[in-house]
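What follows is structure_32.tsv (TSV, C-alpha atoms).
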```tsv
chain	number	residue	atom	x	y	z
G	1	MET	CA	6.50	13.59	-11.95
G	2	GLY	CA	3.45	11.66	-12.92
G	3	LEU	CA	5.42	9.94	-15.62
G	4	ILE	CA	8.10	8.74	-13.22
G	5	THR	CA	5.51	7.36	-10.82
G	6	PHE	CA	3.63	5.65	-13.62
G	7	LEU	CA	6.74	4.08	-15.12
G	8	LEU	CA	7.84	2.72	-11.76
G	9	ARG	CA	4.46	1.07	-11.31
G	10	LEU	CA	4.45	-0.25	-14.87
G	11	SER	CA	8.01	-1.52	-14.74
G	12	PHE	CA	7.68	-5.17	-13.92
G	13	ILE	CA	4.13	-5.55	-15.08
G	14	THR	CA	5.16	-5.08	-18.68
G	15	LEU	CA	8.66	-6.52	-18.52
G	16	LEU	CA	7.66	-9.82	-16.96
G	17	SER	CA	5.02	-10.73	-19.51
G	18	ARG	CA	7.51	-12.49	-21.69
G	19	ILE	CA	9.61	-14.28	-19.13
G	20	HIS	CA	8.94	-17.35	-17.03
G	21	LEU	CA	10.10	-16.97	-13.48
G	22	PRO	CA	12.32	-19.48	-11.74
G	23	ALA	CA	10.94	-20.88	-8.50
G	24	LEU	CA	13.34	-18.86	-6.37
G	25	VAL	CA	12.15	-15.59	-7.83
G	26	GLN	CA	8.55	-16.66	-7.44
G	27	ARG	CA	9.16	-17.45	-3.79
G	28	SER	CA	10.83	-14.08	-3.29
G	29	LEU	CA	7.84	-12.34	-4.76
G	30	ASP	CA	5.58	-14.31	-2.44
G	31	PHE	CA	7.40	-12.72	0.47
G	32	VAL	CA	6.95	-9.21	-0.84
G	33	PRO	CA	3.39	-8.61	0.43
G	34	PRO	CA	4.04	-9.54	4.07
G	35	ALA	CA	7.34	-7.65	4.00
G	36	VAL	CA	5.87	-4.50	2.54
G	37	LEU	CA	2.78	-4.56	4.74
G	38	SER	CA	4.84	-5.10	7.87
G	39	ALA	CA	7.22	-2.29	6.99
G	40	LEU	CA	4.28	0.06	6.50
G	41	ILE	CA	2.48	-1.13	9.64
G	42	PHE	CA	5.47	-0.93	11.96
G	43	SER	CA	6.34	2.52	10.62
G	44	ASP	CA	2.93	3.80	11.55
G	45	LEU	CA	2.58	2.02	14.89
G	46	PHE	CA	5.93	3.31	16.08
G	47	ARG	CA	5.63	6.69	14.41
G	48	SER	CA	6.27	8.48	17.63
G	49	GLY	CA	9.66	6.84	17.71
G	50	LEU	CA	11.17	4.54	20.28
G	51	VAL	CA	11.54	7.25	22.90
G	52	GLN	CA	11.71	6.55	26.58
G	53	PRO	CA	8.17	6.16	27.89
G	54	ILE	CA	7.89	9.44	29.65
G	55	SER	CA	4.35	9.66	28.44
G	56	LEU	CA	2.24	6.64	27.65
G	57	GLN	CA	0.34	8.69	25.13
G	58	LEU	CA	3.06	8.11	22.58
G	59	TYR	CA	2.20	4.42	22.54
G	60	SER	CA	-1.52	4.67	21.89
G	61	ARG	CA	-1.10	3.70	18.24
G	62	LEU	CA	1.12	0.82	19.18
G	63	PHE	CA	-1.28	-0.63	21.72
G	64	ALA	CA	-4.28	-0.12	19.47
G	65	GLY	CA	-2.35	-1.88	16.73
G	66	MET	CA	-1.58	-4.81	18.99
G	67	ILE	CA	-5.23	-5.13	19.87
G	68	ALA	CA	-6.03	-5.05	16.16
G	69	VAL	CA	-3.54	-7.85	15.50
G	70	LEU	CA	-5.26	-9.95	18.13
G	71	VAL	CA	-8.67	-9.30	16.64
G	72	ALA	CA	-7.40	-10.03	13.12
G	73	TRP	CA	-5.82	-13.26	14.30
G	74	ARG	CA	-8.89	-14.48	16.10
G	75	THR	CA	-11.67	-13.36	13.82
G	76	ARG	CA	-10.07	-12.96	10.38
G	77	ASN	CA	-12.67	-10.27	9.89
G	78	VAL	CA	-11.45	-7.09	8.23
G	79	VAL	CA	-14.29	-4.80	9.25
G	80	LEU	CA	-14.16	-5.96	12.86
G	81	THR	CA	-10.41	-5.44	13.00
G	82	ILE	CA	-10.69	-1.90	11.72
G	83	GLY	CA	-13.66	-1.06	13.92
G	84	VAL	CA	-12.15	-2.41	17.12
G	85	GLY	CA	-8.76	-0.91	16.31
G	86	LEU	CA	-10.15	2.55	15.72
G	87	VAL	CA	-12.26	2.45	18.86
G	88	ALA	CA	-9.27	1.19	20.82
G	89	LEU	CA	-7.16	4.08	19.54
G	90	LEU	CA	-9.79	6.65	20.43
G	91	ILE	CA	-10.18	5.21	23.92
G	92	LEU	CA	-6.44	5.01	24.48
G	93	GLN	CA	-5.94	8.55	23.28
G	94	ALA	CA	-8.64	9.73	25.64
G	95	LEU	CA	-7.26	7.80	28.60
G	96	LEU	CA	-3.53	8.27	28.27
R	1	MET	CA	-7.79	-8.15	-32.11
R	2	ASN	CA	-8.03	-4.95	-30.21
R	3	ARG	CA	-9.86	-4.95	-26.94
R	4	GLY	CA	-10.29	-1.91	-24.75
R	5	PRO	CA	-10.04	-2.20	-20.99
R	6	ARG	CA	-13.67	-3.26	-20.73
R	7	GLY	CA	-13.51	-6.33	-22.94
R	8	GLN	CA	-15.66	-7.12	-25.90
R	9	ALA	CA	-18.46	-4.76	-26.71
R	10	GLY	CA	-18.48	-3.37	-23.15
R	11	MET	CA	-19.95	-6.55	-21.71
R	12	MET	CA	-18.59	-7.93	-18.46
R	13	SER	CA	-19.18	-11.52	-17.44
R	14	ARG	CA	-20.96	-12.06	-14.16
R	15	GLU	CA	-17.78	-13.17	-12.46
R	16	ALA	CA	-15.99	-10.08	-13.66
R	17	LYS	CA	-18.74	-7.89	-12.28
R	18	SER	CA	-18.67	-9.67	-8.95
R	19	GLU	CA	-14.89	-9.31	-8.70
R	20	PHE	CA	-15.21	-5.63	-9.53
R	21	MET	CA	-17.77	-5.05	-6.77
R	22	SER	CA	-15.64	-7.03	-4.32
R	23	GLY	CA	-12.77	-4.75	-5.18
R	24	VAL	CA	-14.84	-1.67	-4.55
R	25	LYS	CA	-16.06	-2.99	-1.22
R	26	ALA	CA	-12.64	-4.15	-0.13
R	27	ILE	CA	-11.08	-0.71	-0.35
R	28	LEU	CA	-13.94	1.18	1.32
R	29	PRO	CA	-12.56	0.97	4.89
R	30	ILE	CA	-9.26	2.37	3.67
R	31	LEU	CA	-11.02	5.32	2.08
R	32	LEU	CA	-11.92	6.51	5.55
R	33	GLY	CA	-8.22	7.02	6.16
R	34	VAL	CA	-7.34	8.22	2.69
R	35	VAL	CA	-9.87	11.04	2.52
R	36	PRO	CA	-8.21	13.06	5.32
R	37	PHE	CA	-4.90	12.64	3.49
R	38	GLY	CA	-6.41	13.92	0.29
R	39	VAL	CA	-7.97	16.86	2.02
R	40	THR	CA	-4.66	17.61	3.76
R	41	TYR	CA	-2.87	17.48	0.44
R	42	GLY	CA	-5.41	19.85	-1.12
R	43	VAL	CA	-4.93	22.34	1.68
R	44	LEU	CA	-1.14	22.06	1.55
R	45	GLY	CA	-1.09	22.44	-2.20
R	46	LEU	CA	-2.90	25.74	-2.07
R	47	ALA	CA	-0.85	26.90	0.90
R	48	ALA	CA	2.32	26.19	-1.05
R	49	GLY	CA	1.19	28.54	-3.77
R	50	LEU	CA	0.03	26.02	-6.35
R	51	GLN	CA	-2.95	27.15	-8.35
R	52	VAL	CA	-6.20	25.24	-7.98
R	53	PRO	CA	-5.97	23.45	-11.36
R	54	ALA	CA	-2.35	22.43	-10.70
R	55	THR	CA	-3.13	21.07	-7.26
R	56	ILE	CA	-6.08	19.06	-8.48
R	57	GLY	CA	-4.22	18.08	-11.64
R	58	MET	CA	-1.39	16.52	-9.67
R	59	SER	CA	-3.81	14.19	-7.98
R	60	SER	CA	-4.82	12.71	-11.29
R	61	ILE	CA	-1.48	12.89	-13.05
R	62	VAL	CA	0.68	11.62	-10.23
R	63	PHE	CA	-1.85	9.85	-8.04
R	64	ALA	CA	0.55	9.16	-5.18
R	65	GLY	CA	-0.34	10.67	-1.81
R	66	SER	CA	2.97	10.72	-0.01
R	67	ALA	CA	4.87	11.84	-3.08
R	68	GLN	CA	2.41	14.64	-3.72
R	69	ILE	CA	2.60	15.93	-0.18
R	70	VAL	CA	6.39	15.83	-0.20
R	71	ALA	CA	6.47	17.53	-3.59
R	72	VAL	CA	4.28	20.45	-2.61
R	73	GLN	CA	6.36	21.05	0.48
R	74	LEU	CA	9.50	21.07	-1.63
R	75	PHE	CA	7.76	23.41	-4.04
R	76	ASN	CA	6.91	25.65	-1.13
R	77	ALA	CA	10.57	25.71	-0.18
R	78	ALA	CA	11.41	26.75	-3.75
R	79	ALA	CA	13.34	23.58	-4.46
R	80	PRO	CA	14.54	23.18	-8.05
R	81	ALA	CA	12.50	20.99	-10.36
R	82	LEU	CA	15.22	18.38	-10.60
R	83	VAL	CA	15.21	17.88	-6.84
R	84	ILE	CA	11.45	17.42	-6.85
R	85	LEU	CA	11.70	14.86	-9.64
R	86	ILE	CA	14.44	12.87	-7.97
R	87	THR	CA	12.57	12.94	-4.68
R	88	THR	CA	9.48	11.63	-6.44
R	89	LEU	CA	11.55	8.82	-7.89
R	90	MET	CA	12.96	7.83	-4.51
R	91	VAL	CA	9.75	8.15	-2.53
R	92	ASN	CA	7.87	6.01	-5.03
R	93	LEU	CA	10.61	3.44	-5.54
R	94	ARG	CA	8.70	0.85	-3.51
R	95	HIS	CA	6.10	0.80	-6.28
R	96	VAL	CA	8.58	-1.19	-8.34
R	97	LEU	CA	8.20	-3.96	-5.78
R	98	TYR	CA	4.45	-3.81	-6.11
R	99	SER	CA	4.83	-4.02	-9.86
R	100	ALA	CA	7.10	-7.04	-9.60
R	101	SER	CA	4.83	-8.74	-7.14
R	102	LEU	CA	1.71	-8.39	-9.26
R	103	ALA	CA	3.26	-8.87	-12.67
R	104	PRO	CA	2.95	-12.67	-12.85
R	105	ARG	CA	-0.80	-12.42	-12.23
R	106	LEU	CA	-1.25	-9.84	-14.95
R	107	LYS	CA	0.68	-11.59	-17.70
R	108	HIS	CA	-2.40	-12.60	-19.63
R	109	LEU	CA	-3.80	-9.10	-19.98
R	110	ASN	CA	-3.40	-6.82	-22.96
R	111	SER	CA	-1.31	-3.65	-22.85
R	112	ALA	CA	-4.26	-1.37	-22.25
R	113	TRP	CA	-5.19	-3.27	-19.09
R	114	LYS	CA	-1.58	-3.38	-17.90
R	115	CYS	CA	-1.09	0.32	-18.40
R	116	PHE	CA	-4.31	1.36	-16.80
R	117	LEU	CA	-3.96	-0.95	-13.79
R	118	SER	CA	-0.37	0.14	-13.29
R	119	TYR	CA	-1.42	3.75	-13.22
R	120	LEU	CA	-3.84	2.93	-10.37
R	121	LEU	CA	-1.26	1.14	-8.24
R	122	THR	CA	-0.83	2.74	-4.81
R	123	ASP	CA	0.17	1.23	-1.42
R	124	GLU	CA	-3.43	0.64	-0.45
R	125	VAL	CA	-4.57	-0.68	-3.81
R	126	TYR	CA	-1.59	-3.02	-3.84
R	127	ALA	CA	-2.22	-4.37	-0.33
R	128	VAL	CA	-5.87	-5.12	-0.96
R	129	THR	CA	-5.30	-6.54	-4.44
R	130	ILE	CA	-2.41	-8.85	-3.58
R	131	ALA	CA	-4.42	-10.22	-0.67
R	132	ARG	CA	-7.22	-11.04	-3.09
R	133	TYR	CA	-4.87	-12.74	-5.51
R	134	ASN	CA	-3.43	-14.86	-2.72
R	135	GLN	CA	-6.72	-16.05	-1.31
R	136	GLY	CA	-9.36	-18.41	-2.60
R	137	VAL	CA	-9.35	-20.16	-5.93
R	138	ALA	CA	-7.35	-19.01	-8.89
R	139	SER	CA	-9.44	-17.06	-11.34
R	140	SER	CA	-8.65	-15.26	-14.52
R	141	ASN	CA	-11.00	-12.47	-13.52
R	142	LYS	CA	-9.25	-11.02	-10.53
R	143	HIS	CA	-7.95	-8.10	-12.55
R	144	TRP	CA	-11.50	-6.80	-12.30
R	145	PHE	CA	-11.04	-6.74	-8.55
R	146	PHE	CA	-7.88	-4.70	-9.07
R	147	LEU	CA	-9.83	-2.36	-11.32
R	148	GLY	CA	-12.62	-1.96	-8.78
R	149	THR	CA	-10.16	-1.23	-6.01
R	150	GLY	CA	-8.09	1.13	-8.13
R	151	LEU	CA	-10.96	3.14	-9.58
R	152	THR	CA	-12.61	3.56	-6.19
R	153	MET	CA	-9.35	4.67	-4.64
R	154	TRP	CA	-8.67	7.05	-7.50
R	155	SER	CA	-12.13	8.61	-7.32
R	156	ALA	CA	-11.89	9.04	-3.57
R	157	TRP	CA	-8.49	10.66	-3.92
R	158	GLN	CA	-9.71	13.14	-6.54
R	159	VAL	CA	-12.81	14.03	-4.54
R	160	SER	CA	-10.93	14.50	-1.29
R	161	THR	CA	-8.29	16.63	-3.02
R	162	ILE	CA	-11.01	18.84	-4.42
R	163	ALA	CA	-12.67	18.98	-1.02
R	164	GLY	CA	-9.36	20.00	0.53
R	165	VAL	CA	-8.83	22.71	-2.01
R	166	PHE	CA	-12.25	24.23	-1.59
R	167	LEU	CA	-13.12	23.50	2.01
R	168	GLY	CA	-9.70	23.38	3.58
R	169	ALA	CA	-9.95	25.69	6.51
R	170	VAL	CA	-13.22	24.24	7.70
R	171	ILE	CA	-12.16	20.64	8.41
R	172	PRO	CA	-11.48	19.61	12.01
R	173	ARG	CA	-8.18	17.81	12.48
R	174	ASN	CA	-8.74	15.82	15.59
R	175	LEU	CA	-9.92	12.43	14.44
R	176	PRO	CA	-7.05	10.02	13.68
R	177	LEU	CA	-8.93	8.50	10.76
R	178	ASP	CA	-5.73	7.76	8.86
R	179	PHE	CA	-5.23	4.90	11.32
R	180	THR	CA	-7.78	2.92	9.30
R	181	ILE	CA	-5.14	2.49	6.62
R	182	THR	CA	-2.77	0.76	9.04
R	183	LEU	CA	-5.64	-1.23	10.54
R	184	THR	CA	-6.63	-2.53	7.12
R	185	PHE	CA	-3.04	-3.46	6.44
R	186	ILE	CA	-3.00	-5.41	9.72
R	187	ALA	CA	-6.22	-7.19	8.78
R	188	LEU	CA	-4.69	-8.14	5.44
R	189	LEU	CA	-1.31	-9.14	6.83
R	190	VAL	CA	-2.36	-11.57	9.54
R	191	PRO	CA	-3.84	-14.24	7.23
R	192	MET	CA	-0.64	-14.10	5.18
R	193	LEU	CA	1.45	-15.30	8.11
R	194	LYS	CA	1.02	-18.97	7.41
R	195	ASP	CA	4.43	-20.40	8.04
R	196	ARG	CA	7.62	-19.68	9.91
R	197	ALA	CA	9.23	-18.07	6.86
R	198	SER	CA	6.47	-15.51	6.41
R	199	VAL	CA	6.35	-14.65	10.10
R	200	THR	CA	10.11	-14.13	10.07
R	201	VAL	CA	9.81	-11.98	6.97
R	202	SER	CA	7.14	-9.87	8.62
R	203	VAL	CA	8.97	-9.30	11.88
R	204	ALA	CA	12.27	-8.67	10.11
R	205	ALA	CA	10.70	-6.16	7.73
R	206	GLY	CA	9.11	-4.31	10.60
R	207	ILE	CA	12.27	-4.09	12.67
R	208	ILE	CA	14.47	-3.07	9.75
R	209	ALA	CA	11.95	-0.46	8.64
R	210	LEU	CA	12.13	1.07	12.11
R	211	CYS	CA	15.91	0.92	12.38
R	212	ALA	CA	16.30	2.58	9.01
R	213	ILE	CA	13.62	5.13	9.66
R	214	GLY	CA	16.23	7.85	9.51
R	215	LEU	CA	16.73	7.29	5.80
R	216	PRO	CA	15.26	9.97	3.55
R	217	PHE	CA	12.69	9.36	0.85
R	218	LYS	CA	11.03	6.54	2.75
R	219	LEU	CA	13.91	4.36	1.58
R	220	ASN	CA	13.60	2.41	4.79
R	221	LEU	CA	10.50	0.76	3.34
R	222	ILE	CA	12.16	-0.68	0.27
R	223	LEU	CA	15.29	-1.59	2.22
R	224	ALA	CA	13.21	-3.42	4.82
R	225	ALA	CA	11.23	-5.23	2.13
R	226	LEU	CA	14.30	-6.40	0.20
R	227	ALA	CA	16.20	-7.45	3.31
R	228	ALA	CA	13.19	-9.26	4.72
R	229	VAL	CA	12.67	-11.17	1.46
R	230	ALA	CA	16.29	-12.29	1.59
R	231	ILE	CA	15.84	-13.42	5.20
R	232	GLY	CA	12.69	-15.31	4.22
R	233	LEU	CA	14.57	-17.14	1.50
R	234	ALA	CA	17.25	-18.01	4.04
R	235	VAL	CA	14.65	-19.45	6.42
R	236	ASP	CA	13.20	-21.48	3.55
R	237	TRP	CA	16.63	-22.76	2.63
R	238	SER	CA	17.55	-23.73	6.17
R	239	LYS	CA	14.26	-25.58	6.51
R	240	ARG	CA	14.99	-27.51	3.34
R	241	VAL	CA	18.49	-28.32	4.54
R	242	ARG	CA	17.13	-29.62	7.82
R	243	GLN	CA	14.54	-31.73	6.05
R	244	GLY	CA	17.19	-33.11	3.77
R	245	ALA	CA	19.33	-34.02	6.77
R	246	ASP	CA	16.41	-35.81	8.44
R	247	VAL	CA	15.77	-37.91	5.38
R	248	VAL	CA	19.39	-39.02	5.35
```

What would the structure in this file look like if it were written as structure tokens?
Amino acid sequence: MGLITFLLRLSFITLLSRIHLPALVQRSLDFVPPAVLSALIFSDLFRSGLVQPISLQLYSRLFAGMIAVLVAWRTRNVVLTIGVGLVALLILQALL
Amino acid sequence: MNRGPRGQAGMMSREAKSEFMSGVKAILPILLGVVPFGVTYGVLGLAAGLQVPATIGMSSIVFAGSAQIVAVQLFNAAAPALVILITTLMVNLRHVLYSASLAPRLKHLNSAWKCFLSYLLTDEVYAVTIARYNQGVASSNKHWFFLGTGLTMWSAWQVSTIAGVFLGAVIPRNLPLDFTITLTFIALLVPMLKDRASVTVSVAAGIIALCAIGLPFKLNLILAALAAVAIGLAVDWSKRVRQGADVV
């Protein structure tokens, strides 16, 4: 199991050392970080599913996340984003 | 010439050291979220009937949180070994993307570096490291950052697994500390959204990941990433076409 995981992670890192990448591939790889991060982020923010809002509590992560996005956009400060986001979540969970 | 992962004679240049420390610091906020996961895994491992050495051993041999948690639950359900292996493969498939994404930056390193860094590559390590590679001036020392991030993450994972195994029942479950992982991802993502293409990629990836959330093995993540990349390329292409038309 460990071997499979390791080989997956090693895959491109060893294979690509000998090849020069065409610009298109390079551009595709540039898009990978925002794509992957967004997929992970959205999955967590909406983890309670897109159910009808019978209870606002289900959306506490989503709202806290939106606040975090705002903070990240305005301040570009990682620690502040995390701090405010966590506090926002705790407050929302207490209120809703 | 044979160099171990620490370079000649164990000496690191000052820049290497500074990159390493930056790496360590960069992943610290995420650790707050990772530790509860590790503890949870430790508890689940024991509950599933794995012996203490096996549970702890998996954290160093596999070093992949979600895969480990899924595996122990399958083990608990007496799933055959082949099923567990295939599930591991599928759940960790997105790591191939991480590998591809980082590979160009790691070309200049020797095999020992490549192997060791690859072993340390998790979602969180990837997110923090790729952000570092994309910011600031180019430097040939950023693999030290990767190392700092990876080693810190690895150590935290081992320690929290051990804590989970030995302290399991005692830990309160109420604090949603795992949210710090998502928050860090948000903090890293926002500066990456520099142009229309990347914003489109981001939104598309998010929506597709949600639509495909029913897929097993977290396949929705890799599907969303691949589809979003394709969409990004399309946005790029249409922008170039429009610019070409304007020139004419």

Which chain R residues have any atom within 6 Å of an atom of chain G, and for each, what is the nearest pair of atoms with distance in Å to one decimal, counting all atoms listed in the file, rows sorted by chain and number, as a Markdown table?
```
| residue | atom | partner | partner_atom | distance |
| --- | --- | --- | --- | --- |
| R:Ile61 | CA | G:Gly2 | CA | 5.1 |
| R:Val62 | CA | G:Gly2 | CA | 3.9 |
| R:Leu85 | CA | G:Met1 | CA | 5.8 |
| R:His95 | CA | G:Arg9 | CA | 5.3 |
| R:Val96 | CA | G:Leu8 | CA | 5.2 |
| R:Ser99 | CA | G:Phe12 | CA | 5.1 |
| R:Ala100 | CA | G:Phe12 | CA | 4.7 |
| R:Ser101 | CA | G:Leu29 | CA | 5.3 |
| R:Ala103 | CA | G:Ile13 | CA | 4.2 |
| R:Lys107 | CA | G:Ser17 | CA | 4.8 |
| R:Ser118 | CA | G:Leu10 | CA | 5.1 |
| R:Tyr119 | CA | G:Phe6 | CA | 5.4 |
| R:Thr182 | CA | G:Ile41 | CA | 5.6 |
| R:Leu183 | CA | G:Ile82 | CA | 5.2 |
| R:Ala187 | CA | G:Val78 | CA | 5.3 |
| R:Val201 | CA | G:Ala35 | CA | 5.8 |
| R:Ser202 | CA | G:Ala35 | CA | 5.1 |
| R:Ala205 | CA | G:Ala35 | CA | 5.2 |
| R:Gly206 | CA | G:Ala39 | CA | 4.5 |
| R:Ala209 | CA | G:Ala39 | CA | 5.3 |
| R:Leu221 | CA | G:Ala39 | CA | 5.8 |
| R:Ala225 | CA | G:Ala35 | CA | 4.9 |
| R:Val229 | CA | G:Phe31 | CA | 5.6 |
```

Dump as a PDB file, keeping the file's coordinate frame, selection limited to C-alpha atoms:
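Heads up, here's the output in out-v8.pdb:
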```
ATOM      1  CA  ILE R  61      -1.480  12.890 -13.050  1.00  0.00           C
ATOM      2  CA  VAL R  62       0.680  11.620 -10.230  1.00  0.00           C
ATOM      3  CA  LEU R  85      11.700  14.860  -9.640  1.00  0.00           C
ATOM      4  CA  HIS R  95       6.100   0.800  -6.280  1.00  0.00           C
ATOM      5  CA  VAL R  96       8.580  -1.190  -8.340  1.00  0.00           C
ATOM      6  CA  SER R  99       4.830  -4.020  -9.860  1.00  0.00           C
ATOM      7  CA  ALA R 100       7.100  -7.040  -9.600  1.00  0.00           C
ATOM      8  CA  SER R 101       4.830  -8.740  -7.140  1.00  0.00           C
ATOM      9  CA  ALA R 103       3.260  -8.870 -12.670  1.00  0.00           C
ATOM     10  CA  LYS R 107       0.680 -11.590 -17.700  1.00  0.00           C
ATOM     11  CA  SER R 118      -0.370   0.140 -13.290  1.00  0.00           C
ATOM     12  CA  TYR R 119      -1.420   3.750 -13.220  1.00  0.00           C
ATOM     13  CA  THR R 182      -2.770   0.760   9.040  1.00  0.00           C
ATOM     14  CA  LEU R 183      -5.640  -1.230  10.540  1.00  0.00           C
ATOM     15  CA  ALA R 187      -6.220  -7.190   8.780  1.00  0.00           C
ATOM     16  CA  VAL R 201       9.810 -11.980   6.970  1.00  0.00           C
ATOM     17  CA  SER R 202       7.140  -9.870   8.620  1.00  0.00           C
ATOM     18  CA  ALA R 205      10.700  -6.160   7.730  1.00  0.00           C
ATOM     19  CA  GLY R 206       9.110  -4.310  10.600  1.00  0.00           C
ATOM     20  CA  ALA R 209      11.950  -0.460   8.640  1.00  0.00           C
ATOM     21  CA  LEU R 221      10.500   0.760   3.340  1.00  0.00           C
ATOM     22  CA  ALA R 225      11.230  -5.230   2.130  1.00  0.00           C
ATOM     23  CA  VAL R 229      12.670 -11.170   1.460  1.00  0.00           C
TER      24      VAL R 229
END
```

* To do: Identify, on the basis of all atoms listed in the file, every residue whose closest approach to stretch 75-78 of chain R does not exceed 8 Å; exclude the query and any residue fewer than 3 positions from it along the same chain; express the result as a PyMOL selection string.
  => chain R and resi 48-49+71-72+84

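For stretch 152-154 of chain R, the set of protein, DNA and RNA residues having any atom at most 6 Å away, when counting all atoms listed in the file and skipping those fewer than 3 positions along the same chain, is R:Val24, R:Thr149, R:Trp157.
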
* Structure fact -> Atom pair atom CA of R:Val137 + atom CA of R:Ser198, distance 20.6 Å

* Asked: If you measure from atom CA of R:Asn92 to atom CA of R:Leu151, what distance in Å do you get, rounded to one decimal?
  -> 19.6 Å

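The spacing separating atom CA of R:Thr161 from atom CA of R:Val52 amounts to 10.2 Å.
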
* Asked: Neighbours of R:Phe217 within 6 Å (all atoms listed in the file; same-chain residues fewer than 2 positions away dropped), as a ChimeraX atom specification?
  -> /R:90-91,219

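In this comparison, which uses only C-alpha atoms, the residue of R:Lys114, R:Val190, R:Val203, R:Pro216 approaching R:Val70 most closely is R:Pro216.
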
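Taking only C-alpha atoms into account, R:Leu226 lies nearest to R:Leu93 out of the set R:Leu106, R:Ala81, R:Val159, R:Leu93.
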
Mind checking which residues fall within 9 Å of R:Arg196, counting only C-alpha atoms, ignoring those fewer than 5 positions away in the same chain, and posting them as a compact mmCIF listing (two decimals) with C-alpha atoms, in the frame of the given file?
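Result saved to around.txt:
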```txt
# COMPACT_ATOMS: atom_id res chain seq x y z
CA VAL R 201 9.81 -11.98 6.97
CA GLY R 232 12.69 -15.31 4.22
CA VAL R 235 14.65 -19.45 6.42
CA ASP R 236 13.20 -21.48 3.55
```

* To do: Tell me which protein, DNA and RNA residues are within 8 Å of R:Ile162, counting only C-alpha atoms, leaving out same-chain ones fewer than 5 positions away, and put them as a VMD selection string.
  => chain R and resid 39 42 56

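Nearest-residue note for R:Val199: choosing from R:Ile130, R:Met21, R:Ala228, R:Ile86, the minimum distance belongs to R:Ala228, counting all atoms listed in the file.
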
Mind completing stretch 77-92 of chain G with N, CA and C atoms? Output as a compact mmCIF listing (two decimals), keeping the file's coordinate frame, please?
```txt
# COMPACT_ATOMS: atom_id res chain seq x y z
N ASN G 77 -11.63 -11.13 10.43
CA ASN G 77 -12.67 -10.27 9.89
C ASN G 77 -12.11 -8.85 9.74
N VAL G 78 -12.09 -8.38 8.49
CA VAL G 78 -11.45 -7.09 8.23
C VAL G 78 -12.19 -5.93 8.89
N VAL G 79 -13.52 -5.92 8.72
CA VAL G 79 -14.29 -4.80 9.25
C VAL G 79 -14.18 -4.74 10.77
N LEU G 80 -14.26 -5.92 11.40
CA LEU G 80 -14.16 -5.96 12.86
C LEU G 80 -12.81 -5.45 13.33
N THR G 81 -11.77 -5.88 12.64
CA THR G 81 -10.41 -5.44 13.00
C THR G 81 -10.31 -3.92 12.95
N ILE G 82 -10.79 -3.35 11.87
CA ILE G 82 -10.69 -1.90 11.72
C ILE G 82 -11.54 -1.20 12.77
N GLY G 83 -12.77 -1.69 12.95
CA GLY G 83 -13.66 -1.06 13.92
C GLY G 83 -13.09 -1.08 15.32
N VAL G 84 -12.70 -2.28 15.77
CA VAL G 84 -12.15 -2.41 17.12
C VAL G 84 -10.87 -1.59 17.27
N GLY G 85 -10.02 -1.65 16.25
CA GLY G 85 -8.76 -0.91 16.31
C GLY G 85 -8.96 0.58 16.45
N LEU G 86 -9.89 1.10 15.68
CA LEU G 86 -10.15 2.55 15.72
C LEU G 86 -10.72 2.95 17.06
N VAL G 87 -11.68 2.16 17.55
CA VAL G 87 -12.26 2.45 18.86
C VAL G 87 -11.18 2.37 19.93
N ALA G 88 -10.34 1.34 19.83
CA ALA G 88 -9.27 1.19 20.82
C ALA G 88 -8.37 2.42 20.81
N LEU G 89 -8.03 2.90 19.62
CA LEU G 89 -7.16 4.08 19.54
C LEU G 89 -7.81 5.28 20.19
N LEU G 90 -9.09 5.49 19.88
CA LEU G 90 -9.79 6.65 20.43
C LEU G 90 -9.84 6.57 21.96
N ILE G 91 -10.13 5.37 22.47
CA ILE G 91 -10.18 5.21 23.92
C ILE G 91 -8.82 5.46 24.54
N LEU G 92 -7.79 4.85 23.94
CA LEU G 92 -6.44 5.01 24.48
C LEU G 92 -6.01 6.47 24.46
```
